[in-house]
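Student: Pasting a structure below so you can have a look.
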Amino acid sequence: MQPEPHVVGPEESQASDDVLRVEHVAKHFGPVTALRDINLHLRKGEVLGLLGDNGAGKSTLIKIISGFQKPDEGRLLIKGDEVELSSVDHARSLGIDCVYQDLALVNELSVFQNMFLKREPLYKPLPFVNKRAMKRETRRALDEIGVNIPRIDVPAARLSGGQRQAIAVARTVNSDADIILLDEPLAAMGAKEGAMILDLVARLRSEGRVSIIMIAHNYVHVLQSCDRVNLIQGGHITFDKPTAETSVEELNEIVVEEYRRARMAAATDGAGASGNGAR
Amino acid sequence: MSSTSPTGQAPTRAPASAGAQAEGRRRPSARELGMRFLTLREGSIIVVAILAALFFAIRVPTFWTHSNFITLLPYFAPFAILAAGEVMLMVAGEIDLSIGSVSLFAPFMFYEFNQAGLSLVPCLIAALLCSAVVGVINGFFTEIVGVSSFITTLAMLLGLGGLTLIISHAQPVAMPGADVTTKTIQVTHVVNGQQVTLPEKVNETGTFADIFGAGTYSELIWALVIVIGVQVLLFMTRWGTYTIAAGGNKLGAAEAGINVRATVIRNFIVCSVFAGFVGILEATRASTVTPDTAGASETMFRAVSAAVIGGTLLAGGEGTAIGALFGALFLGILRDGLTLEGVNADYLDFILGIAIIVAMVINVYVARIRKGSGRAA
């Protein structure tokens, strides 16, 4: 339909240390195409920034990688093996964990119960959850990150937006996942709490144990925290460069260019119909 | 109570001192303990139930007697079990209206299996399995097909009630194993130094019946065991945590990797099995069972009321089995106490309705204090 810009294909990156490869993935929701043909790879210890407009399919892609949704086409390779993720649990067993945009916190459960949701330690062989261990671990993990949450036995409903975000991120980082997906971890964060998350990502990046895909809107944050940037446009990855080789200006240019092209296409399509292409 | 202002939603209402000492180990004062008790989710209904008991104890001398306690038991023990099952489901954000019909259906299945030649314990197991199947069907239509549980289980309430009428030909039957047998035994008397042996008649119920409903404390013991079991399950196991998560944030629970469908369907099964069990207990206690579908609906409403009065949210995410037990106890005390007072039967439901509203208002007020005090579920 519209002229496609440079689209990144799977053959362009064949590094052997990829912990994750997404090949030709497509996803439709009824008549809506969220993802057309996604090719993406993530190296060990790398922080990959994922940019794209609202509705470009970033969150859908994240949900496919985290096992929450199944792709209609294409395949995933995790640590070299092709896998068909059957559930979030399955993905997690392969070391993939995700911080969703809606955070997936349960207001009615306490902070420490949320920290260990679906990972509760048990007093084996009894089926009872070990609340003491959960509290101790939660306290330790939160202190390590440096987030200030005075009481961990209160319901999550009583936390501020930033604290909730911090809990969700801490939960994932504290798991034994080695591929971490962060869906807009800086949304709803104050400047201080945002800096805390960025520091955390920087620390994980320097440790090099985990690989991260981070969705963000702020180019400056991406350039500062990530090793490489991918851009999703119209269901394709249209841009793939190390952050060292790109700049805010270049990213801006690409996004604005797409916006202009989309407007021109809309103007051409709509000219016959109502004739109000330009305003 | 009045020193804490009831600022309901304000999330930052935690007392300033509480934060600092939250995890310090220190002995709380008596007043603090009292406050903590009252701010338990079920604290308010416990207080309300005790107040109701005191009220009747003062007004009616026969209320606070052992024989009245025995009279009270069937007014509340079966409803406590039903309400505990309902709590499992309501905490998960769903509701089961079909429990009334299940508690009617199960004893008739019990009877049919017995007619087919099974002995009592296998009959019980088979009847409970039938109840579990009802739970699976409710769960299937709610979680897999996506019909709201209100509609699914309303249809089940009507349909299963009808099926019970068909099976029973609308005729009451005697509950197998619950029949009161009269045995004639030879008793030896010593009369004027001579031994005289005379026949005497003795009434007795079987061991099975004594355990499953007919024994004086049978239903009470079952109620306590089941309520404590549900309480432990809800607050000390993964299943319980996932139940709360499913009711509190269904999407979030799924994103966290919880199998919400499996959790909710399991809870439907638990709720149905409890309902079937209560049906068999009640039928055994009465030694007959009548296919009374209107009575079945009333049973369901009373059980749901007990759960809600006990502090379980219709919206899901919060609720306790202990609260449901005391909710059922409160309703039982009201019914029993008003009867003892000699209140005209016509006024009974009217007063019950008002009492429920008053109890709930107190509940809401105490809940506000609780939110202010900042305790987790």
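Chain identifiers are assigned as A, B, and so on, following the order in which chains appear in the structure tokens; residues are numbered from 1 within each chain, and ligands are numbered from 1 in order of appearance.
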Using only C-alpha atoms, what table do you get, as a Markdown table, when you list each residue of chain A with an atom no more than 8 Å from chain B, its nearest pair of atoms, and their distance in Å rounded to one decimal, rows by chain then rising number?
Tutor:
```
| residue | atom | partner | partner_atom | distance |
| --- | --- | --- | --- | --- |
| A:Phe68 | CA | B:Glu255 | CA | 6.6 |
| A:Ser87 | CA | B:Gly257 | CA | 7.3 |
| A:Val88 | CA | B:Gly257 | CA | 4.8 |
| A:Asp89 | CA | B:Gly257 | CA | 5.4 |
| A:Tyr100 | CA | B:Glu255 | CA | 7.6 |
| A:Asp102 | CA | B:Gly252 | CA | 7.5 |
| A:Leu103 | CA | B:Gly252 | CA | 7.2 |
| A:Ala104 | CA | B:Gly252 | CA | 3.7 |
| A:Leu105 | CA | B:Gly252 | CA | 6.0 |
| A:Val106 | CA | B:Asn249 | CA | 5.5 |
| A:Asn107 | CA | B:Gly248 | CA | 6.5 |
| A:Glu108 | CA | B:Gly317 | CA | 6.0 |
| A:Leu109 | CA | B:Ala377 | CA | 6.5 |
| A:Ser110 | CA | B:Ala376 | CA | 5.6 |
| A:Leu117 | CA | B:Ala256 | CA | 6.8 |
| A:Lys118 | CA | B:Ile258 | CA | 6.3 |
| A:Glu120 | CA | B:Arg238 | CA | 6.9 |
| A:Pro127 | CA | B:Thr237 | CA | 6.1 |
| A:Phe128 | CA | B:Thr237 | CA | 4.7 |
| A:Val129 | CA | B:Thr237 | CA | 5.4 |
| A:Pro150 | CA | B:Gly19 | CA | 5.7 |
| A:Arg151 | CA | B:Gly19 | CA | 6.2 |
| A:Asp153 | CA | B:Ala376 | CA | 5.9 |
| A:Val154 | CA | B:Ala376 | CA | 4.6 |
| A:Pro155 | CA | B:Ala376 | CA | 4.8 |
| A:Ala157 | CA | B:Pro11 | CA | 7.2 |
| A:Arg158 | CA | B:Pro11 | CA | 4.6 |
| A:Leu159 | CA | B:Pro11 | CA | 7.2 |
```
Student: Applying 7 Å and only C-alpha atoms, which residues near His236 (chain A) remain after dropping the ones on its own chain fewer than 5 positions away? List them as a PyMOL selection string.
Tutor: chain A and resi 7+35-38
Student: Those residues with N, CA and C atoms, as an mmCIF file, in the first residue's frame please?
Tutor:
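As a result, again_19.cif now contains:
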```cif
data_model
loop_
_atom_site.group_PDB
_atom_site.id
_atom_site.type_symbol
_atom_site.label_atom_id
_atom_site.label_comp_id
_atom_site.auth_asym_id
_atom_site.auth_seq_id
_atom_site.Cartn_x
_atom_site.Cartn_y
_atom_site.Cartn_z
ATOM 1 N N VAL A 7 13.583 -1.963 5.397
ATOM 2 C CA VAL A 7 13.083 -2.906 6.390
ATOM 3 C C VAL A 7 14.180 -3.887 6.750
ATOM 4 N N LEU A 35 1.311 -6.659 13.962
ATOM 5 C CA LEU A 35 2.687 -6.911 13.521
ATOM 6 C C LEU A 35 2.640 -7.577 12.149
ATOM 7 N N ARG A 36 3.477 -7.056 11.202
ATOM 8 C CA ARG A 36 3.462 -7.603 9.854
ATOM 9 C C ARG A 36 4.545 -8.654 9.647
ATOM 10 N N ASP A 37 5.761 -8.254 9.942
ATOM 11 C CA ASP A 37 6.904 -9.132 9.674
ATOM 12 C C ASP A 37 8.058 -8.634 10.530
ATOM 13 N N ILE A 38 8.092 -9.102 11.742
ATOM 14 C CA ILE A 38 9.079 -8.591 12.695
ATOM 15 C C ILE A 38 10.309 -9.489 12.726
#
```
Student: Please, what distance in Å, to one decimal, runs between CA of Val264 (chain B) and CA of Gly319 (chain B)?
Tutor: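 Separation of CA of Val264 (chain B) and CA of Gly319 (chain B): 15.2 Å.
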Student: Please report, as a PyMOL selection string, each residue of region 282-367 of chain B to which DSSP assigns helix (DSSP H, G or I) when run on this structure's backbone.
Tutor: chain B and resi 282-286+293-309+321-340+345-367
Student: Show which residues sit within 9 Å of region 139-150 of chain B, as a PyMOL selection string. Count only C-alpha atoms, and ignore same-chain residues fewer than 3 positions away.
Tutor: chain B and resi 94-97+134-136+153-155+260-262+264-269
Student: For those residues, write C-alpha atoms to a file as an mmCIF file, in the first residue's frame.
Tutor:
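This went into selection23.cif:
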```
data_model
loop_
_atom_site.group_PDB
_atom_site.id
_atom_site.type_symbol
_atom_site.label_atom_id
_atom_site.label_comp_id
_atom_site.auth_asym_id
_atom_site.auth_seq_id
_atom_site.Cartn_x
_atom_site.Cartn_y
_atom_site.Cartn_z
ATOM 1 C CA GLU B 94 -17.384 -14.852 40.384
ATOM 2 C CA ILE B 95 -20.607 -15.990 42.037
ATOM 3 C CA ASP B 96 -22.438 -19.314 42.186
ATOM 4 C CA LEU B 97 -26.218 -19.061 42.445
ATOM 5 C CA VAL B 134 -21.967 -29.293 38.059
ATOM 6 C CA GLY B 135 -19.044 -27.107 39.162
ATOM 7 C CA VAL B 136 -17.082 -28.062 36.045
ATOM 8 C CA THR B 153 -25.264 -20.300 37.564
ATOM 9 C CA LEU B 154 -28.743 -18.761 37.481
ATOM 10 C CA ALA B 155 -29.501 -21.052 34.550
ATOM 11 C CA VAL B 260 -6.789 -17.807 35.937
ATOM 12 C CA ARG B 261 -9.155 -20.190 34.163
ATOM 13 C CA ALA B 262 -7.925 -23.243 36.023
ATOM 14 C CA VAL B 264 -11.599 -20.179 38.883
ATOM 15 C CA ILE B 265 -12.877 -23.528 37.571
ATOM 16 C CA ARG B 266 -11.325 -25.258 40.570
ATOM 17 C CA ASN B 267 -13.140 -22.841 42.850
ATOM 18 C CA PHE B 268 -16.421 -23.535 41.053
ATOM 19 C CA ILE B 269 -15.852 -27.234 41.754
#
```
Student: Please identify all polymer residues within 12 Å of Ala195 (chain A), counting only C-alpha atoms, omitting same-chain residues fewer than 6 positions from it, and present them as a list in words.
Tutor: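 The residues that qualify are Ile145, Gly146, Val147, Gly162, Ala166, Pro185, Leu186, Met189, Val201, Ala202, His221, Gln224 and Ser225 of chain A.
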Student: With N, CA and C atoms retained, export the selected residues as a short mmCIF file (atom, residue, chain, number, x, y, z; two decimals), in the first residue's frame.
Tutor:
```
data_model
loop_
_atom_site.label_atom_id
_atom_site.label_comp_id
_atom_site.auth_asym_id
_atom_site.auth_seq_id
_atom_site.Cartn_x
_atom_site.Cartn_y
_atom_site.Cartn_z
N ILE A 145 17.79 -2.08 45.37
CA ILE A 145 17.47 -1.13 44.30
C ILE A 145 17.48 0.30 44.84
N GLY A 146 17.18 0.44 46.12
CA GLY A 146 17.17 1.76 46.71
C GLY A 146 15.82 2.44 46.62
N VAL A 147 14.75 1.64 46.53
CA VAL A 147 13.41 2.23 46.50
C VAL A 147 12.89 2.32 47.92
N GLY A 162 4.77 5.57 41.25
CA GLY A 162 6.19 5.28 41.09
C GLY A 162 6.59 4.06 41.89
N ALA A 166 8.16 0.57 40.61
CA ALA A 166 9.40 0.05 41.18
C ALA A 166 9.23 -1.39 41.63
N PRO A 185 9.09 1.22 31.25
CA PRO A 185 9.33 1.20 32.70
C PRO A 185 9.34 2.60 33.30
N LEU A 186 9.40 3.62 32.47
CA LEU A 186 9.49 4.97 33.01
C LEU A 186 8.16 5.71 33.00
N MET A 189 6.43 7.54 36.27
CA MET A 189 7.50 7.71 37.25
C MET A 189 7.83 9.20 37.42
N VAL A 201 18.90 -0.26 35.40
CA VAL A 201 19.20 -0.81 34.07
C VAL A 201 20.70 -0.68 33.79
N ALA A 202 21.27 0.48 34.16
CA ALA A 202 22.71 0.69 33.93
C ALA A 202 23.53 -0.35 34.70
N HIS A 221 16.71 8.91 26.96
CA HIS A 221 16.85 7.76 27.85
C HIS A 221 17.37 6.56 27.10
N GLN A 224 20.98 6.81 26.21
CA GLN A 224 21.82 6.77 27.39
C GLN A 224 21.88 5.37 27.99
N SER A 225 20.77 4.62 27.93
CA SER A 225 20.71 3.34 28.64
C SER A 225 20.92 2.12 27.76
#
```
Student: Looking at B:Val191, B:Ala303, B:Leu160, B:Ala296, which one is nearest to Ala324 (chain B), with distances taken over only C-alpha atoms?
Tutor: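 Among the listed residues, B:Ala303 lies closest to Ala324 (chain B).
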Student: Mind checking DSSP for region 177-248 of chain B and telling me the strand (DSSP E or B) residues as a list in words?
Tutor: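 Checking each residue of region 177-248 of chain B, the strand (DSSP E or B) ones are Thr181, Thr182, Lys183, Thr184, Ile185, Gln186, Val187, Thr188, His189, Val190, Val191, Gln194, Gln195, Val196, Thr197, Leu198, Pro199, Glu200, Lys201, Val202, Asn203, Glu204 and Thr237 of chain B.
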Student: Please produce a file of the residues just selected, as a compact mmCIF listing (two decimals), in the first residue's frame, where the atoms kept are N, CA and C atoms.
Tutor:
```
# COMPACT_ATOMS: atom_id res chain seq x y z
N THR B 181 -33.74 -46.69 63.15
CA THR B 181 -34.12 -48.09 63.33
C THR B 181 -34.54 -48.32 64.78
N THR B 182 -35.51 -49.14 64.93
CA THR B 182 -35.94 -49.50 66.27
C THR B 182 -35.54 -50.94 66.51
N LYS B 183 -34.71 -51.10 67.47
CA LYS B 183 -34.23 -52.45 67.74
C LYS B 183 -34.86 -52.94 69.04
N THR B 184 -35.15 -54.20 69.09
CA THR B 184 -35.66 -54.77 70.33
C THR B 184 -34.53 -55.56 70.99
N ILE B 185 -34.22 -55.14 72.19
CA ILE B 185 -33.16 -55.87 72.89
C ILE B 185 -33.72 -56.46 74.18
N GLN B 186 -33.08 -57.50 74.62
CA GLN B 186 -33.52 -58.14 75.85
C GLN B 186 -32.76 -57.52 77.02
N VAL B 187 -33.49 -56.96 77.95
CA VAL B 187 -32.86 -56.35 79.11
C VAL B 187 -33.22 -57.18 80.34
N THR B 188 -32.19 -57.49 81.14
CA THR B 188 -32.43 -58.31 82.32
C THR B 188 -32.61 -57.40 83.54
N HIS B 189 -33.72 -57.54 84.21
CA HIS B 189 -33.99 -56.77 85.40
C HIS B 189 -33.93 -57.69 86.62
N VAL B 190 -33.63 -57.10 87.72
CA VAL B 190 -33.71 -57.88 88.95
C VAL B 190 -34.92 -57.39 89.73
N VAL B 191 -35.91 -58.24 89.82
CA VAL B 191 -37.14 -57.85 90.51
C VAL B 191 -37.34 -58.79 91.71
N GLN B 194 -35.36 -61.76 91.89
CA GLN B 194 -35.45 -62.69 90.76
C GLN B 194 -35.06 -61.98 89.47
N GLN B 195 -34.41 -62.72 88.59
CA GLN B 195 -34.02 -62.12 87.31
C GLN B 195 -35.16 -62.26 86.33
N VAL B 196 -35.54 -61.09 85.78
CA VAL B 196 -36.61 -61.09 84.78
C VAL B 196 -36.07 -60.48 83.50
N THR B 197 -36.20 -61.14 82.41
CA THR B 197 -35.73 -60.61 81.14
C THR B 197 -36.92 -60.14 80.31
N LEU B 198 -36.89 -58.84 80.00
CA LEU B 198 -38.00 -58.26 79.25
C LEU B 198 -37.48 -57.61 77.96
N PRO B 199 -38.26 -57.63 76.91
CA PRO B 199 -37.84 -56.94 75.68
C PRO B 199 -38.06 -55.42 75.80
N GLU B 200 -37.10 -54.64 75.30
CA GLU B 200 -37.27 -53.18 75.27
C GLU B 200 -36.90 -52.63 73.89
N LYS B 201 -37.57 -51.54 73.52
CA LYS B 201 -37.29 -50.96 72.19
C LYS B 201 -36.33 -49.78 72.31
N VAL B 202 -35.33 -49.74 71.42
CA VAL B 202 -34.33 -48.67 71.45
C VAL B 202 -34.24 -48.04 70.05
N ASN B 203 -34.27 -46.71 70.00
CA ASN B 203 -34.10 -46.02 68.71
C ASN B 203 -32.62 -45.75 68.46
N GLU B 204 -32.20 -45.96 67.24
CA GLU B 204 -30.82 -45.57 66.94
C GLU B 204 -30.64 -45.23 65.46
N THR B 237 -1.90 -20.66 51.08
CA THR B 237 -1.43 -21.48 49.96
C THR B 237 -1.36 -20.65 48.67
```
Student: Leaving out Thr299 (chain B) and any residue of its chain fewer than 3 positions from it, which residues lie within 9 Å of it when counting only C-alpha atoms, given as a PyMOL selection string?
Tutor: chain B and resi 79+82+99-100+103+294-296+302-304
Student: Could the residues in this selection be written to a file with C-alpha atoms, as a tab-separated table (two decimals), in the first residue's frame?
Tutor:
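The new file again_34.tsv reads:
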```tsv
chain	number	residue	atom	x	y	z
B	79	PHE	CA	-25.07	-22.03	55.75
B	82	LEU	CA	-22.28	-23.10	51.80
B	99	ILE	CA	-25.64	-24.00	45.12
B	100	GLY	CA	-29.28	-24.20	46.23
B	103	SER	CA	-27.76	-29.11	47.60
B	294	ALA	CA	-38.22	-22.66	46.15
B	295	GLY	CA	-36.55	-23.66	49.42
B	296	ALA	CA	-33.37	-24.33	47.45
B	302	ARG	CA	-29.04	-17.05	52.77
B	303	ALA	CA	-25.61	-18.49	52.02
B	304	VAL	CA	-24.68	-15.59	49.71
```
Student: May I ask for the distance between CA of Phe239 (chain A) and CA of Asn39 (chain A), given in Å to one decimal place?
Tutor: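 That distance, rounded to one decimal, is 10.9 Å.
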Student: Would you list the contacts of Ile149 (chain A) as a PyMOL selection string, taking every protein, DNA or RNA residue within 8 Å and counting only C-alpha atoms, but skipping same-chain residues closer than 3 positions in sequence?
Tutor: chain A and resi 142+152+163
Student: Would you mind telling me which residue in A:Glu46, A:Glu253, A:Asp72, A:Asp17 lies nearest to Arg228 (chain A) when using only C-alpha atoms?
Tutor: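 Smallest separation from Arg228 (chain A) among the options: A:Glu46.
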